[in-house]
2 protein chains.
Amino acid sequence: MTRTAIIAGAGGLPAAVMAAMAERPFVAALEGFAPAGLEPDLRFRVERLVPFLRALEDEGVTRVCFAGAVQRPRLDPALFDPDTAGMVPRLLAAMGQGDDATLREVLAIFEEAGFALVGVQEIAPALVPGAGLLCGAVTDRDRADAARAAVIVGALGRVDVGQGAVVQQGLCLAVEALPGTDAMLAGVAAIPPGLRPAGAKGLFYKAPKPGQDRRIDLPALGVETLRRVAAAGLGGIVWEAGGVICLDLSAMVAEAEAAGLFLWARKP
Amino acid sequence: MTRTAIIAGAGGLPAAVMAAMAERPFVAALEGFAPAGLEPDLRFRVERLVPFLRALEDEGVTRVCFAGAVQRPRLDPALFDPDTAGMVPRLLAAMGQGDDATLREVLAIFEEAGFALVGVQEIAPALVPGAGLLCGAVTDRDRADAARAAVIVGALGRVDVGQGAVVQQGLCLAVEALPGTDAMLAGVAAIPPGLRPAGAKGLFYKAPKPGQDRRIDLPALGVETLRRVAAAGLGGIVWEAGGVICLDLSAMVAEAEAAGLFLWARKP
């Protein structure tokens, strides 16, 4: 028998995934990153990872899906149990190599404990749109900007930096790093007008890192992203079709249409 | 006979280069980007580039050195002379491909007009420090962060984005794009404290783009950079030895020592 657990971080994604599933999953949430609109069955801490894995097993969980935003949690040395403490060197070594390495290590720990890992696109495919222009219109200039942004995000991803960039008329206005999409778009909104070209407004592009494990950490977009894109004076959002989660696609489309922005799931 | 012209942009670099030269150069400044502490012999506009090249020739100039900050100027269609107007398609095509392509094109235009191009390091070598730790101390953690930052900046440079990045304990906090170093360091200063790891403070790394023409657009550092690095809570600055201009090195060293920051010209 298969029982799925959602390992939930903050934001609306865990509830959206749960809503898209036929059977009710078990929901475990990382302490300090409460999911929105959802009461977790269990809360856990990284310092007590091994007891948490045993608790999942006791619940009959056989596969897990990571969903929601987690920033690297601060660790309290006093809270470690002996088994988890033994994993600290391994976790710290991975953390020193960046977010991708850390996620790979966490994934390995869950798999070694006997759990199958599944991606959001597998248990909630409606949240990950396939290729298509969802609203608005794109020009050749936008297509060229999207192509350039895809090259930039690919180069960044290969060195384990961000999953997004902003390009306007061939110019890279911003690139995503640790502070994330919202901080990047706020930075773009703050660029002095004289520094940006007139005419075509540019776009925000989002894609998974090349070669990343697509069972975890797929980038996500939502209505909030769209508002920040509009505030940054951009023309729309482009993302890699099949590789990005849209949290509330119908609301995004409605709001993009009202704001005159394009939404384009671009074939990689 | 050799006569050198400095093609000056904004900031203190043109005056610093001039001070380091045995013979007084001819100084031409791009309209709207006045150099500091220096009265140009001639001002010019991009819209009248061809007449400007002829004026340089009339002055007996045989080689030119680009020095100082220039952002892509707005072009006024009414000001073009016919010869320069003929170059517009060529310039616009290059601008659409990014700053590197634009600089390559400008360089080609000067060379086609018969001028030799020389880098700052050639006519003012004292401004481009060779390898060495100039002040402070670096730990193994800093060395690892510098190595990671060099990989990130290399990857970015290959897709013609920035020349700098901030890395702390393996995490990429920021990456330079169109808005430049100051905007990037302001972004780092604004990162909520909870998002950055405790302990080793991280560093700002600067290097030319891989394969860039080192006769133009070498990245530059100065006392102002150092203050912004301190304000961003970083431990120091690392740069590629031989590839970065230090505008006021003795002032930088004095201020870094007072602030407890390291300055390290790292062998590439």
# chains A, B, ... in the order shown; residues from 1 in each chain; ligands from 1

call {"tool": "closest_atom_pairs", "arguments": {"of": "chain A", "to": "chain B", "cutoff": "8 Å", "atoms": "only C-alpha atoms", "output": "Markdown table"}}
result
| residue | atom | partner | partner_atom | distance |
| --- | --- | --- | --- | --- |
| A:Gln71 | CA | B:Leu195 | CA | 7.3 |
| A:Arg72 | CA | B:Leu195 | CA | 7.7 |
| A:Met95 | CA | B:Gly170 | CA | 7.6 |
| A:Gly96 | CA | B:Gly170 | CA | 4.9 |
| A:Gln97 | CA | B:Gly170 | CA | 5.5 |
| A:Gly98 | CA | B:Leu171 | CA | 5.5 |
| A:Asp99 | CA | B:Leu171 | CA | 7.7 |
| A:Val151 | CA | B:Val159 | CA | 7.2 |
| A:Ile152 | CA | B:Val159 | CA | 6.1 |
| A:Ala155 | CA | B:Ala155 | CA | 5.9 |
| A:Leu156 | CA | B:Ala155 | CA | 6.8 |
| A:Val159 | CA | B:Ile152 | CA | 6.1 |
| A:Val161 | CA | B:Cys172 | CA | 6.2 |
| A:Gln169 | CA | B:Gly96 | CA | 6.0 |
| A:Gly170 | CA | B:Gly96 | CA | 5.0 |
| A:Leu171 | CA | B:Gly98 | CA | 5.6 |
| A:Cys172 | CA | B:Ala177 | CA | 5.9 |
| A:Leu173 | CA | B:Leu178 | CA | 4.9 |
| A:Ala174 | CA | B:Ala177 | CA | 5.3 |
| A:Val175 | CA | B:Val175 | CA | 6.5 |
| A:Glu176 | CA | B:Ala174 | CA | 7.5 |
| A:Ala177 | CA | B:Ala174 | CA | 5.3 |
| A:Leu178 | CA | B:Leu173 | CA | 4.9 |
| A:Pro179 | CA | B:Ile191 | CA | 6.6 |
| A:Gly187 | CA | B:Gly187 | CA | 7.4 |
| A:Ile191 | CA | B:Pro179 | CA | 6.6 |
| A:Leu195 | CA | B:Gln71 | CA | 7.3 |

call {"tool": "residues_around", "arguments": {"residues": "region 213-221 of chain A", "least_positions_apart": "3", "cutoff": "8 Å", "atoms": "only C-alpha atoms", "output": "PyMOL selection string"}}
result
chain A and resi 65-67+103-104+117-120+163+206-208+224-226+243-247

call {"tool": "select_by_dssp", "arguments": {"residues": "region 67-238 of chain B", "states": "strand (DSSP E)", "output": "ChimeraX atom specification"}}
result
/B:67,116-117,132-135,164-168,171-175,203-206,220-221,236-238

call {"tool": "residues_around", "arguments": {"residues": "Leu91 (chain B)", "least_positions_apart": "5", "cutoff": "9 Å", "atoms": "only C-alpha atoms", "output": "list in words"}}
result
Gly96, Thr102, Glu105 and Val106 of chain B

call {"tool": "closest_residue", "arguments": {"among": "A:Val229, A:Met87, A:Val61, A:Met18", "to": "Gly114 (chain A)", "atoms": "only C-alpha atoms"}}
result
A:Val61

call {"tool": "closest_atom_pairs", "arguments": {"of": "region 144-219 of chain A", "to": "region 261-265 of chain A", "cutoff": "12 Å", "atoms": "only C-alpha atoms", "output": "Markdown table"}}
result
| residue | atom | partner | partner_atom | distance |
| --- | --- | --- | --- | --- |
| A:Ala146 | CA | A:Trp264 | CA | 9.7 |
| A:Lys201 | CA | A:Leu261 | CA | 10.2 |
| A:Gly202 | CA | A:Leu261 | CA | 10.8 |
| A:Leu203 | CA | A:Phe262 | CA | 9.1 |
| A:Phe204 | CA | A:Leu263 | CA | 10.0 |
| A:Tyr205 | CA | A:Trp264 | CA | 9.5 |
| A:Lys206 | CA | A:Ala265 | CA | 9.7 |
| A:Ala207 | CA | A:Ala265 | CA | 10.1 |

call {"tool": "write_last_selection", "arguments": {"atoms": "C-alpha atoms", "output": "short mmCIF file (atom, residue, chain, number, x, y, z; two decimals), in the first residue's frame"}}
result
data_model
loop_
_atom_site.label_atom_id
_atom_site.label_comp_id
_atom_site.auth_asym_id
_atom_site.auth_seq_id
_atom_site.Cartn_x
_atom_site.Cartn_y
_atom_site.Cartn_z
CA ALA A 146 13.41 34.89 -23.18
CA LYS A 201 9.62 46.31 -21.09
CA GLY A 202 11.52 43.07 -20.56
CA LEU A 203 10.55 39.94 -18.70
CA PHE A 204 11.13 37.75 -15.69
CA TYR A 205 12.27 34.24 -16.60
CA LYS A 206 12.19 31.23 -14.30
CA ALA A 207 13.46 27.69 -14.79
#

call {"tool": "closest_residue", "arguments": {"among": "B:Ala22, B:Ala147, B:Val64, B:Ala259", "to": "Ala116 (chain B)", "atoms": "only C-alpha atoms"}}
result
B:Val64

call {"tool": "select_by_dssp", "arguments": {"residues": "region 113-188 of chain A", "states": "helix (DSSP H, G or I)", "output": "short mmCIF file (atom, residue, chain, number, x, y, z; two decimals) with N, CA, C and O atoms, in the first residue's frame"}}
result
data_model
loop_
_atom_site.label_atom_id
_atom_site.label_comp_id
_atom_site.auth_asym_id
_atom_site.auth_seq_id
_atom_site.Cartn_x
_atom_site.Cartn_y
_atom_site.Cartn_z
N VAL A 120 6.14 17.20 -7.19
CA VAL A 120 4.81 17.80 -7.24
C VAL A 120 4.13 17.49 -8.57
O VAL A 120 2.94 17.18 -8.62
N GLN A 121 4.89 17.53 -9.67
CA GLN A 121 4.30 17.29 -11.00
C GLN A 121 3.74 15.88 -11.12
O GLN A 121 2.87 15.62 -11.95
N GLU A 122 4.21 14.95 -10.24
CA GLU A 122 3.74 13.57 -10.32
C GLU A 122 2.43 13.39 -9.56
O GLU A 122 1.51 12.72 -10.05
N ILE A 123 2.34 14.01 -8.38
CA ILE A 123 1.12 13.79 -7.60
C ILE A 123 0.10 14.92 -7.80
O ILE A 123 -1.06 14.75 -7.43
N PRO A 125 -0.22 17.03 -11.12
CA PRO A 125 0.24 17.52 -12.42
C PRO A 125 -0.45 18.81 -12.88
O PRO A 125 0.14 19.57 -13.66
N ALA A 126 -1.64 19.09 -12.38
CA ALA A 126 -2.35 20.30 -12.80
C ALA A 126 -1.60 21.56 -12.38
O ALA A 126 -1.84 22.65 -12.92
N LEU A 127 -0.68 21.43 -11.43
CA LEU A 127 0.04 22.62 -10.93
C LEU A 127 1.26 22.98 -11.79
O LEU A 127 1.90 24.01 -11.55
N ASP A 140 8.82 39.48 -31.10
CA ASP A 140 10.12 38.88 -31.38
C ASP A 140 11.15 39.33 -30.35
O ASP A 140 12.03 38.57 -29.96
N ARG A 141 11.04 40.60 -29.92
CA ARG A 141 11.95 41.12 -28.90
C ARG A 141 11.80 40.30 -27.61
O ARG A 141 12.78 39.94 -26.97
N ASP A 142 10.54 40.02 -27.21
CA ASP A 142 10.31 39.20 -26.01
C ASP A 142 10.90 37.80 -26.19
O ASP A 142 11.48 37.24 -25.26
N ARG A 143 10.71 37.25 -27.41
CA ARG A 143 11.25 35.91 -27.66
C ARG A 143 12.77 35.91 -27.54
O ARG A 143 13.35 34.99 -26.96
N ALA A 144 13.40 36.95 -28.05
CA ALA A 144 14.87 37.05 -27.95
C ALA A 144 15.29 37.22 -26.48
O ALA A 144 16.26 36.61 -26.03
N ASP A 145 14.54 38.04 -25.74
CA ASP A 145 14.86 38.23 -24.32
C ASP A 145 14.69 36.92 -23.53
O ASP A 145 15.49 36.61 -22.65
N ALA A 146 13.63 36.17 -23.87
CA ALA A 146 13.41 34.89 -23.18
C ALA A 146 14.55 33.92 -23.48
O ALA A 146 15.03 33.22 -22.58
N ALA A 147 15.00 33.91 -24.73
CA ALA A 147 16.10 33.01 -25.09
C ALA A 147 17.37 33.40 -24.34
O ALA A 147 18.09 32.54 -23.82
N ARG A 148 17.64 34.72 -24.27
CA ARG A 148 18.84 35.16 -23.56
C ARG A 148 18.72 34.84 -22.07
O ARG A 148 19.68 34.39 -21.44
N ALA A 149 17.53 35.07 -21.49
CA ALA A 149 17.32 34.79 -20.07
C ALA A 149 17.52 33.30 -19.78
O ALA A 149 18.10 32.93 -18.76
N ALA A 150 17.06 32.45 -20.70
CA ALA A 150 17.22 31.01 -20.50
C ALA A 150 18.70 30.62 -20.47
O ALA A 150 19.12 29.78 -19.67
N VAL A 151 19.50 31.27 -21.32
CA VAL A 151 20.95 31.01 -21.32
C VAL A 151 21.57 31.45 -20.00
O VAL A 151 22.37 30.74 -19.40
N ILE A 152 21.16 32.64 -19.53
CA ILE A 152 21.71 33.18 -18.27
C ILE A 152 21.33 32.29 -17.09
O ILE A 152 22.17 31.92 -16.27
N VAL A 153 20.05 31.94 -17.00
CA VAL A 153 19.59 31.11 -15.87
C VAL A 153 20.26 29.74 -15.93
O VAL A 153 20.61 29.17 -14.89
N GLY A 154 20.47 29.21 -17.14
CA GLY A 154 21.19 27.94 -17.26
C GLY A 154 22.61 28.04 -16.74
O GLY A 154 23.07 27.19 -15.97
N ALA A 155 23.29 29.12 -17.10
CA ALA A 155 24.68 29.32 -16.65
C ALA A 155 24.74 29.47 -15.13
O ALA A 155 25.63 28.92 -14.48
N LEU A 156 23.78 30.20 -14.58
CA LEU A 156 23.72 30.38 -13.13
C LEU A 156 23.42 29.08 -12.42
O LEU A 156 24.00 28.78 -11.38
N GLY A 157 22.48 28.34 -12.97
CA GLY A 157 22.06 27.10 -12.34
C GLY A 157 23.19 26.09 -12.30
O GLY A 157 23.35 25.36 -11.33
N ARG A 158 24.01 26.10 -13.35
CA ARG A 158 25.12 25.15 -13.41
C ARG A 158 26.15 25.41 -12.30
O ARG A 158 26.87 24.52 -11.91
N GLY A 180 16.34 35.58 -3.11
CA GLY A 180 15.15 35.08 -3.78
C GLY A 180 14.49 36.04 -4.75
O GLY A 180 14.93 37.16 -4.97
N THR A 181 13.40 35.54 -5.34
CA THR A 181 12.69 36.26 -6.40
C THR A 181 12.15 37.61 -5.96
O THR A 181 12.30 38.62 -6.67
N ASP A 182 11.51 37.66 -4.79
CA ASP A 182 10.89 38.92 -4.37
C ASP A 182 11.94 40.02 -4.22
O ASP A 182 11.75 41.15 -4.68
N ALA A 183 13.07 39.69 -3.59
CA ALA A 183 14.14 40.67 -3.41
C ALA A 183 14.68 41.10 -4.77
O ALA A 183 14.95 42.29 -4.99
N MET A 184 14.80 40.15 -5.70
CA MET A 184 15.32 40.49 -7.02
C MET A 184 14.38 41.44 -7.75
O MET A 184 14.82 42.45 -8.32
N LEU A 185 13.09 41.15 -7.70
CA LEU A 185 12.12 42.01 -8.39
C LEU A 185 12.03 43.39 -7.73
O LEU A 185 11.86 44.40 -8.41
N ALA A 186 12.18 43.44 -6.40
CA ALA A 186 12.22 44.74 -5.71
C ALA A 186 13.44 45.53 -6.19
O ALA A 186 13.36 46.75 -6.40
N GLY A 187 14.55 44.85 -6.40
CA GLY A 187 15.74 45.49 -6.92
C GLY A 187 15.51 46.07 -8.32
O GLY A 187 15.96 47.17 -8.63
N VAL A 188 14.80 45.33 -9.15
CA VAL A 188 14.50 45.82 -10.50
C VAL A 188 13.59 47.04 -10.42
O VAL A 188 13.79 48.03 -11.14
#

call {"tool": "residues_around", "arguments": {"residues": "Arg3 (chain B)", "least_positions_apart": "4", "cutoff": "8 Å", "atoms": "only C-alpha atoms", "output": "VMD selection string"}}
result
chain B and resid 25 to 26 60 to 63

call {"tool": "atom_distance", "arguments": {"atom1": "CA of Glu257 (chain B)", "atom2": "CA of Ala131 (chain B)"}}
result
18.3 Å

call {"tool": "atom_distance", "arguments": {"atom1": "CA of Asp248 (chain B)", "atom2": "CA of Ile7 (chain B)"}}
result
19.8 Å

call {"tool": "closest_residue", "arguments": {"among": "A:Val238, A:Met21, A:Ala113, A:Ala8", "to": "Pro40 (chain A)", "atoms": "only C-alpha atoms"}}
result
A:Ala8

call {"tool": "atom_distance", "arguments": {"atom1": "CA of Met252 (chain A)", "atom2": "CA of Val223 (chain A)"}}
result
5.0 Å

call {"tool": "closest_residue", "arguments": {"among": "B:Gly242, B:Gly32, B:Ala93, B:Ala101", "to": "Gln212 (chain B)", "atoms": "only C-alpha atoms"}}
result
B:Ala101
